[in-house]
Amino acid sequence: MTDAPDLAAALIAENFSRDGGGVLHVGGLPLTDLAEEFGTPLFVYDAEVMRRTYRALRAALAGFAEIDYSVKANPNPAVIRVFHEEGAGAEIASGAEFAAALEAGVPPEKILFAGPGKGAADLDRVVAGGIGEIHLENREEILRVAAAAERHGVTVRVALRINPGAAAQGGAMRMGGKPSPFGFDEEEMEAAIDAVEAQGPLRLIGLHLFAGTQGLKAETLLGQWAYGLGLAARIAGRTGRPLETIDLGGGLGIPYFSGDAALDLATLRAGMPDLIATLRADPSLAGARVVLEPGRYLAGPAGLYVARVLAVKESRGSRFVITDGGMHHHLAASGNLGQIVKRDFPLAAVTETGGERAATAVVGPLCTPLDMLARAAPLPPLAEGDLVAVLQSGAYGLTASPTGFLSHPMPAELLVDGGAATVIRPSE
Ligand SMILES: Cc1ncc(COP(=O)(O)O)c(C=O)c1O
């Protein structure tokens, strides 16, 4: 997986297939047929790829941690349900995500709520619904959650989200020391614990650490998780009670770009005995449920975004393929979601003709030069009516896009499972 064409081909070989005519299949179904039947643009997710990814991660964790699916990556209830049926809980960031998780069948006690600004209406909704835990991120929130608990006459289980301090910058950890709106600074952790303990309707049961997203190095993740266990021990030391939850966050990455190497699960697995030994050695941690809350890692590889070519034009020596899909559905692929240097997502022709490849700009229908699905994707010749597919599109696709911009219709979402495609969101 050293350059972009190889990455696309490697991802197709890993998770999907092509038939003798070069047509890309998802879960055994030709994408050309799906595009014909359900129209384009279209998101297609393969449930079996999600299951395989979940099981591989769970095996690598070797019993150290459970997995809560981070709903923000793809909040479609059908997607949440795939992970729930595998045994995952859910991490949500809004009242609507709480409703999506419930719709997917996740019991409320297996749902946790994190996010830097939780309003009273969302808090009422989740507290009334019996949510498992709420993760506190600032002082006002301590009081707001306590007030919601009082309004509903219940005790709410809460964890403290901690923004690690300078000590976490050492080694491979790559976190800590920076100002952040997320969580309490480690320097004020003891004061925050005391403030929570002073609130009768709150029961402080855990720690939450989220060190960042798109981590591709297993050693870095292991270092962060080990640091999190140290923070957890400090919380237990201050409250005098064993912890019930240690949430070490999500952030496990997937390869998107030229040169990205996939997260090495064997290295992750090799780090488990040390982490498990640390847990077992400390009576205040030994009984805790350790949880990871990945989103991208679980949902990303299973999804494709399929768009149809509307026109192909040469402009002063550059080839532009204009499609019906773009940044309004897939902001991340356009390079406008958190990328400083814009690079192309892995992208492929749905029908591989074997024609000579040329660097191709693939653009969308919006009236802005930002609307590019690729700047120089090495693609075979394409013509009006052909299809292109953006890989690694199962996470932070539709949900992370400015769908109202230029008022194009919402695309359909399909879940392919057991040789059949189900519409899990109809197109507009
Ligand atoms: C608190 C929290 N948990 C989990 C996630 C999921 O991250 P990822 O999809 O990188 O695993 C995020 C992403 O922003 C987050 O903020």
# chains A, B, ... in the order shown; residues from 1 in each chain; ligands from 1

call {"tool": "select_by_dssp", "arguments": {"residues": "segment 237-337 of chain A", "states": "strand (DSSP E)", "output": "ChimeraX atom specification"}}
result
/A:245-247,289-292,303-315,318-323

call {"tool": "write_last_selection", "arguments": {"atoms": "N, CA and C atoms", "output": "mmCIF file, in the first residue's frame"}}
result
data_model
loop_
_atom_site.group_PDB
_atom_site.id
_atom_site.type_symbol
_atom_site.label_atom_id
_atom_site.label_comp_id
_atom_site.auth_asym_id
_atom_site.auth_seq_id
_atom_site.Cartn_x
_atom_site.Cartn_y
_atom_site.Cartn_z
ATOM 1 N N THR A 245 -15.748 2.305 35.262
ATOM 2 C CA THR A 245 -15.527 2.453 33.817
ATOM 3 C C THR A 245 -14.206 3.181 33.561
ATOM 4 N N ILE A 246 -13.431 2.647 32.639
ATOM 5 C CA ILE A 246 -12.238 3.356 32.155
ATOM 6 C C ILE A 246 -12.380 3.414 30.638
ATOM 7 N N ASP A 247 -12.746 4.602 30.142
ATOM 8 C CA ASP A 247 -12.986 4.780 28.705
ATOM 9 C C ASP A 247 -11.729 5.394 28.105
ATOM 10 N N ARG A 289 -14.809 -1.836 33.970
ATOM 11 C CA ARG A 289 -15.036 -2.143 32.559
ATOM 12 C C ARG A 289 -14.164 -1.170 31.766
ATOM 13 N N VAL A 290 -13.161 -1.709 31.073
ATOM 14 C CA VAL A 290 -12.365 -0.850 30.188
ATOM 15 C C VAL A 290 -13.064 -0.843 28.841
ATOM 16 N N VAL A 291 -13.173 0.350 28.256
ATOM 17 C CA VAL A 291 -13.890 0.456 26.989
ATOM 18 C C VAL A 291 -13.118 1.321 26.005
ATOM 19 N N LEU A 292 -13.177 0.927 24.731
ATOM 20 C CA LEU A 292 -12.701 1.774 23.632
ATOM 21 C C LEU A 292 -13.928 2.185 22.834
ATOM 22 N N GLY A 303 -17.556 1.124 3.711
ATOM 23 C CA GLY A 303 -18.423 1.987 2.918
ATOM 24 C C GLY A 303 -17.794 2.514 1.646
ATOM 25 N N LEU A 304 -18.628 2.667 0.616
ATOM 26 C CA LEU A 304 -18.211 3.313 -0.635
ATOM 27 C C LEU A 304 -19.213 4.402 -0.968
ATOM 28 N N TYR A 305 -18.708 5.452 -1.596
ATOM 29 C CA TYR A 305 -19.579 6.509 -2.113
ATOM 30 C C TYR A 305 -19.492 6.429 -3.635
ATOM 31 N N VAL A 306 -20.646 6.241 -4.260
ATOM 32 C CA VAL A 306 -20.678 5.982 -5.698
ATOM 33 C C VAL A 306 -21.316 7.176 -6.403
ATOM 34 N N ALA A 307 -20.625 7.678 -7.423
ATOM 35 C CA ALA A 307 -21.153 8.828 -8.170
ATOM 36 C C ALA A 307 -21.073 8.525 -9.664
ATOM 37 N N ARG A 308 -21.976 9.156 -10.406
ATOM 38 C CA ARG A 308 -22.010 8.916 -11.860
ATOM 39 C C ARG A 308 -21.431 10.118 -12.605
ATOM 40 N N VAL A 309 -20.704 9.814 -13.661
ATOM 41 C CA VAL A 309 -20.059 10.867 -14.452
ATOM 42 C C VAL A 309 -21.122 11.588 -15.290
ATOM 43 N N LEU A 310 -21.100 12.931 -15.186
ATOM 44 C CA LEU A 310 -22.023 13.753 -15.975
ATOM 45 C C LEU A 310 -21.338 14.329 -17.205
ATOM 46 N N ALA A 311 -20.036 14.564 -17.098
ATOM 47 C CA ALA A 311 -19.306 15.164 -18.218
ATOM 48 C C ALA A 311 -17.815 14.952 -18.006
ATOM 49 N N VAL A 312 -17.085 14.946 -19.100
ATOM 50 C CA VAL A 312 -15.614 14.858 -19.018
ATOM 51 C C VAL A 312 -15.073 15.992 -19.881
ATOM 52 N N LYS A 313 -14.230 16.797 -19.303
ATOM 53 C CA LYS A 313 -13.703 17.896 -20.116
ATOM 54 C C LYS A 313 -12.206 18.064 -19.924
ATOM 55 N N GLU A 314 -11.564 18.494 -21.001
ATOM 56 C CA GLU A 314 -10.154 18.857 -20.929
ATOM 57 C C GLU A 314 -10.107 20.370 -20.790
ATOM 58 N N SER A 315 -9.313 20.847 -19.865
ATOM 59 C CA SER A 315 -9.131 22.286 -19.770
ATOM 60 C C SER A 315 -7.647 22.562 -19.667
ATOM 61 N N SER A 318 -5.548 19.695 -18.524
ATOM 62 C CA SER A 318 -5.995 18.915 -17.360
ATOM 63 C C SER A 318 -7.335 18.259 -17.675
ATOM 64 N N ARG A 319 -7.492 17.033 -17.152
ATOM 65 C CA ARG A 319 -8.750 16.311 -17.395
ATOM 66 C C ARG A 319 -9.647 16.418 -16.154
ATOM 67 N N PHE A 320 -10.860 16.874 -16.373
ATOM 68 C CA PHE A 320 -11.838 16.976 -15.273
ATOM 69 C C PHE A 320 -13.002 16.036 -15.553
ATOM 70 N N VAL A 321 -13.285 15.198 -14.573
ATOM 71 C CA VAL A 321 -14.471 14.356 -14.650
ATOM 72 C C VAL A 321 -15.493 14.968 -13.689
ATOM 73 N N ILE A 322 -16.614 15.381 -14.244
ATOM 74 C CA ILE A 322 -17.644 16.043 -13.419
ATOM 75 C C ILE A 322 -18.715 15.005 -13.085
ATOM 76 N N THR A 323 -18.979 14.834 -11.791
ATOM 77 C CA THR A 323 -19.915 13.789 -11.356
ATOM 78 C C THR A 323 -21.107 14.393 -10.621
#

call {"tool": "residues_near_ligand", "arguments": {"ligand": "ligand 1", "cutoff": "8 Å", "atoms": "only C-alpha atoms and all ligand atoms", "output": "PyMOL selection string"}}
result
chain A and resi 70-73+91+93+114-115+209-210+212-215+249-253+293-298+395-396

call {"tool": "write_last_selection", "arguments": {"atoms": "C-alpha atoms", "output": "PDB file, in the first residue's frame"}}
result
ATOM      1  CA  SER A  70     -18.895   5.806  18.296  1.00  0.00           C
ATOM      2  CA  VAL A  71     -22.158   6.694  16.620  1.00  0.00           C
ATOM      3  CA  LYS A  72     -20.899  10.001  15.209  1.00  0.00           C
ATOM      4  CA  ALA A  73     -18.890   8.082  12.587  1.00  0.00           C
ATOM      5  CA  GLU A  91     -20.985   6.266  22.501  1.00  0.00           C
ATOM      6  CA  ALA A  93     -22.813  12.914  21.316  1.00  0.00           C
ATOM      7  CA  ALA A 114     -19.629  12.439  25.603  1.00  0.00           C
ATOM      8  CA  GLY A 115     -19.197  15.846  23.951  1.00  0.00           C
ATOM      9  CA  LEU A 209      -9.645   9.913  27.794  1.00  0.00           C
ATOM     10  CA  PHE A 210      -9.767  10.704  24.083  1.00  0.00           C
ATOM     11  CA  GLY A 212      -7.168  12.220  19.061  1.00  0.00           C
ATOM     12  CA  THR A 213      -8.366  10.651  15.868  1.00  0.00           C
ATOM     13  CA  GLN A 214      -6.795   8.736  12.957  1.00  0.00           C
ATOM     14  CA  GLY A 215      -4.048   7.032  15.024  1.00  0.00           C
ATOM     15  CA  GLY A 249     -11.380   6.677  23.704  1.00  0.00           C
ATOM     16  CA  GLY A 250     -11.486   5.891  20.016  1.00  0.00           C
ATOM     17  CA  GLY A 251      -9.187   7.320  17.400  1.00  0.00           C
ATOM     18  CA  LEU A 252      -7.998   4.119  15.749  1.00  0.00           C
ATOM     19  CA  GLY A 253      -7.096   5.081  12.200  1.00  0.00           C
ATOM     20  CA  GLU A 293     -15.052   3.869  21.507  1.00  0.00           C
ATOM     21  CA  PRO A 294     -13.844   3.690  17.910  1.00  0.00           C
ATOM     22  CA  GLY A 295     -15.968   4.944  15.043  1.00  0.00           C
ATOM     23  CA  ARG A 296     -13.847   5.376  11.938  1.00  0.00           C
ATOM     24  CA  TYR A 297     -11.981   2.095  12.370  1.00  0.00           C
ATOM     25  CA  LEU A 298     -15.176   0.059  12.546  1.00  0.00           C
ATOM     26  CA  ALA A 395     -17.346   6.785   8.446  1.00  0.00           C
ATOM     27  CA  TYR A 396     -17.612  10.595   8.502  1.00  0.00           C
TER      28      TYR A 396
END

call {"tool": "residues_around", "arguments": {"residues": "segment 218-230 of chain A", "least_positions_apart": "6", "cutoff": "8 Å", "atoms": "only C-alpha atoms", "output": "short mmCIF file (atom, residue, chain, number, x, y, z; two decimals) with all heavy atoms, in the first residue's frame"}}
result
data_model
loop_
_atom_site.label_atom_id
_atom_site.label_comp_id
_atom_site.auth_asym_id
_atom_site.auth_seq_id
_atom_site.Cartn_x
_atom_site.Cartn_y
_atom_site.Cartn_z
N ALA A 168 2.18 13.62 29.46
CA ALA A 168 1.74 12.66 28.43
C ALA A 168 2.39 12.92 27.08
O ALA A 168 2.11 12.23 26.11
CB ALA A 168 0.22 12.72 28.29
N GLY A 171 7.59 9.92 25.21
CA GLY A 171 7.55 8.65 24.48
C GLY A 171 6.74 8.78 23.21
O GLY A 171 6.78 9.79 22.51
N ALA A 172 5.99 7.73 22.92
CA ALA A 172 5.25 7.69 21.65
C ALA A 172 3.84 8.24 21.81
O ALA A 172 3.04 8.18 20.89
CB ALA A 172 5.19 6.26 21.16
N MET A 173 3.50 8.79 22.98
CA MET A 173 2.08 9.05 23.27
C MET A 173 1.44 10.12 22.40
O MET A 173 0.27 10.07 22.09
CB MET A 173 1.89 9.39 24.74
CG MET A 173 1.90 8.16 25.61
SD MET A 173 1.67 8.55 27.32
CE MET A 173 3.31 9.08 27.78
N ARG A 174 2.23 11.13 22.03
CA ARG A 174 1.75 12.20 21.15
C ARG A 174 0.42 12.80 21.60
O ARG A 174 -0.53 12.90 20.85
CB ARG A 174 1.58 11.69 19.72
CG ARG A 174 2.85 11.24 19.10
CD ARG A 174 2.95 11.55 17.62
NE ARG A 174 4.21 11.06 17.14
CZ ARG A 174 4.42 9.79 16.79
NH1 ARG A 174 3.45 8.94 16.82
NH2 ARG A 174 5.60 9.39 16.39
N MET A 175 0.33 13.17 22.83
CA MET A 175 -0.84 13.89 23.30
C MET A 175 -0.40 14.71 24.50
O MET A 175 0.70 14.53 25.01
CB MET A 175 -1.97 12.92 23.69
CG MET A 175 -1.61 12.01 24.85
SD MET A 175 -3.01 11.01 25.41
CE MET A 175 -2.22 10.05 26.69
N LEU A 209 -10.81 9.31 28.45
CA LEU A 209 -9.64 9.91 27.79
C LEU A 209 -9.85 9.75 26.31
O LEU A 209 -10.16 8.65 25.84
CB LEU A 209 -8.39 9.15 28.23
CG LEU A 209 -7.05 9.61 27.68
CD1 LEU A 209 -6.64 10.91 28.35
CD2 LEU A 209 -5.99 8.55 27.94
N ALA A 211 -7.62 10.78 23.00
CA ALA A 211 -6.35 11.44 22.69
C ALA A 211 -6.27 11.98 21.28
O ALA A 211 -5.31 12.65 20.94
CB ALA A 211 -5.22 10.44 22.93
N ILE A 246 -13.43 2.65 32.64
CA ILE A 246 -12.24 3.36 32.15
C ILE A 246 -12.38 3.41 30.64
O ILE A 246 -12.20 2.41 29.95
CB ILE A 246 -10.94 2.62 32.55
CG1 ILE A 246 -10.89 2.42 34.06
CG2 ILE A 246 -9.73 3.39 32.04
CD1 ILE A 246 -9.74 1.52 34.54
N LEU A 248 -11.03 4.61 27.30
CA LEU A 248 -9.75 5.08 26.75
C LEU A 248 -9.90 5.69 25.36
O LEU A 248 -8.91 5.93 24.67
CB LEU A 248 -8.75 3.92 26.75
CG LEU A 248 -8.45 3.39 28.17
CD1 LEU A 248 -7.55 2.16 28.11
CD2 LEU A 248 -7.82 4.47 29.04
N LEU A 252 -8.77 5.08 16.53
CA LEU A 252 -8.00 4.12 15.75
C LEU A 252 -8.17 4.46 14.26
O LEU A 252 -9.29 4.64 13.78
CB LEU A 252 -8.48 2.69 16.01
CG LEU A 252 -8.12 2.10 17.38
CD1 LEU A 252 -8.92 2.74 18.50
CD2 LEU A 252 -8.38 0.59 17.41
N LEU A 263 -3.19 0.21 10.66
CA LEU A 263 -2.89 -0.07 12.07
C LEU A 263 -2.53 -1.55 12.23
O LEU A 263 -3.26 -2.41 11.73
CB LEU A 263 -4.14 0.27 12.89
CG LEU A 263 -4.08 0.05 14.40
CD1 LEU A 263 -3.01 0.92 15.04
CD2 LEU A 263 -5.44 0.35 15.01
N ASP A 264 -1.43 -1.82 12.91
CA ASP A 264 -0.96 -3.20 13.02
C ASP A 264 -1.59 -3.87 14.25
O ASP A 264 -1.18 -3.63 15.39
CB ASP A 264 0.58 -3.18 13.12
CG ASP A 264 1.14 -4.58 13.19
OD1 ASP A 264 0.35 -5.55 13.12
OD2 ASP A 264 2.36 -4.71 13.33
N LEU A 265 -2.59 -4.69 14.00
CA LEU A 265 -3.31 -5.32 15.11
C LEU A 265 -2.43 -6.31 15.87
O LEU A 265 -2.63 -6.54 17.07
CB LEU A 265 -4.57 -6.04 14.60
CG LEU A 265 -5.73 -5.14 14.14
CD1 LEU A 265 -6.95 -5.98 13.80
CD2 LEU A 265 -6.09 -4.08 15.19
N THR A 267 0.71 -5.86 16.65
CA THR A 267 1.46 -5.07 17.64
C THR A 267 0.54 -4.66 18.79
O THR A 267 0.93 -4.69 19.96
CB THR A 267 2.07 -3.81 16.97
OG1 THR A 267 2.85 -4.24 15.86
CG2 THR A 267 2.92 -3.01 17.92
N LEU A 268 -0.68 -4.32 18.42
CA LEU A 268 -1.66 -3.95 19.46
C LEU A 268 -1.86 -5.16 20.40
O LEU A 268 -1.82 -5.03 21.63
CB LEU A 268 -2.98 -3.60 18.78
CG LEU A 268 -3.86 -2.53 19.41
CD1 LEU A 268 -3.12 -1.22 19.61
CD2 LEU A 268 -5.08 -2.28 18.52
N GLY A 271 0.72 -5.81 22.97
CA GLY A 271 0.76 -4.90 24.12
C GLY A 271 -0.27 -5.24 25.19
O GLY A 271 -0.25 -4.64 26.29
N LEU A 275 -0.91 -4.30 29.68
CA LEU A 275 -2.05 -3.49 30.13
C LEU A 275 -2.94 -4.29 31.08
O LEU A 275 -3.40 -3.77 32.11
CB LEU A 275 -2.87 -3.01 28.92
CG LEU A 275 -2.18 -1.98 28.01
CD1 LEU A 275 -3.00 -1.72 26.75
CD2 LEU A 275 -1.96 -0.66 28.75
N THR A 278 -1.31 -4.49 34.44
CA THR A 278 -1.44 -3.22 35.18
C THR A 278 -2.81 -3.13 35.85
O THR A 278 -2.93 -2.75 37.02
CB THR A 278 -1.26 -2.01 34.23
OG1 THR A 278 -0.03 -2.15 33.56
CG2 THR A 278 -1.32 -0.69 34.96
N LEU A 279 -3.83 -3.50 35.10
CA LEU A 279 -5.19 -3.46 35.65
C LEU A 279 -5.33 -4.39 36.85
O LEU A 279 -5.85 -4.00 37.90
CB LEU A 279 -6.18 -3.95 34.59
CG LEU A 279 -6.82 -2.96 33.63
CD1 LEU A 279 -7.77 -3.71 32.72
CD2 LEU A 279 -7.58 -1.88 34.40
#

call {"tool": "atom_distance", "arguments": {"atom1": "atom CA of Gly237 of chain A", "atom2": "atom CA of Glu190 of chain A"}}
result
9.9 Å

call {"tool": "residues_around", "arguments": {"residues": "Leu24 of chain A", "least_positions_apart": "5", "cutoff": "10 Å", "atoms": "only C-alpha atoms", "output": "PyMOL selection string"}}
result
chain A and resi 12+16-19+29-32+348-352+388-389
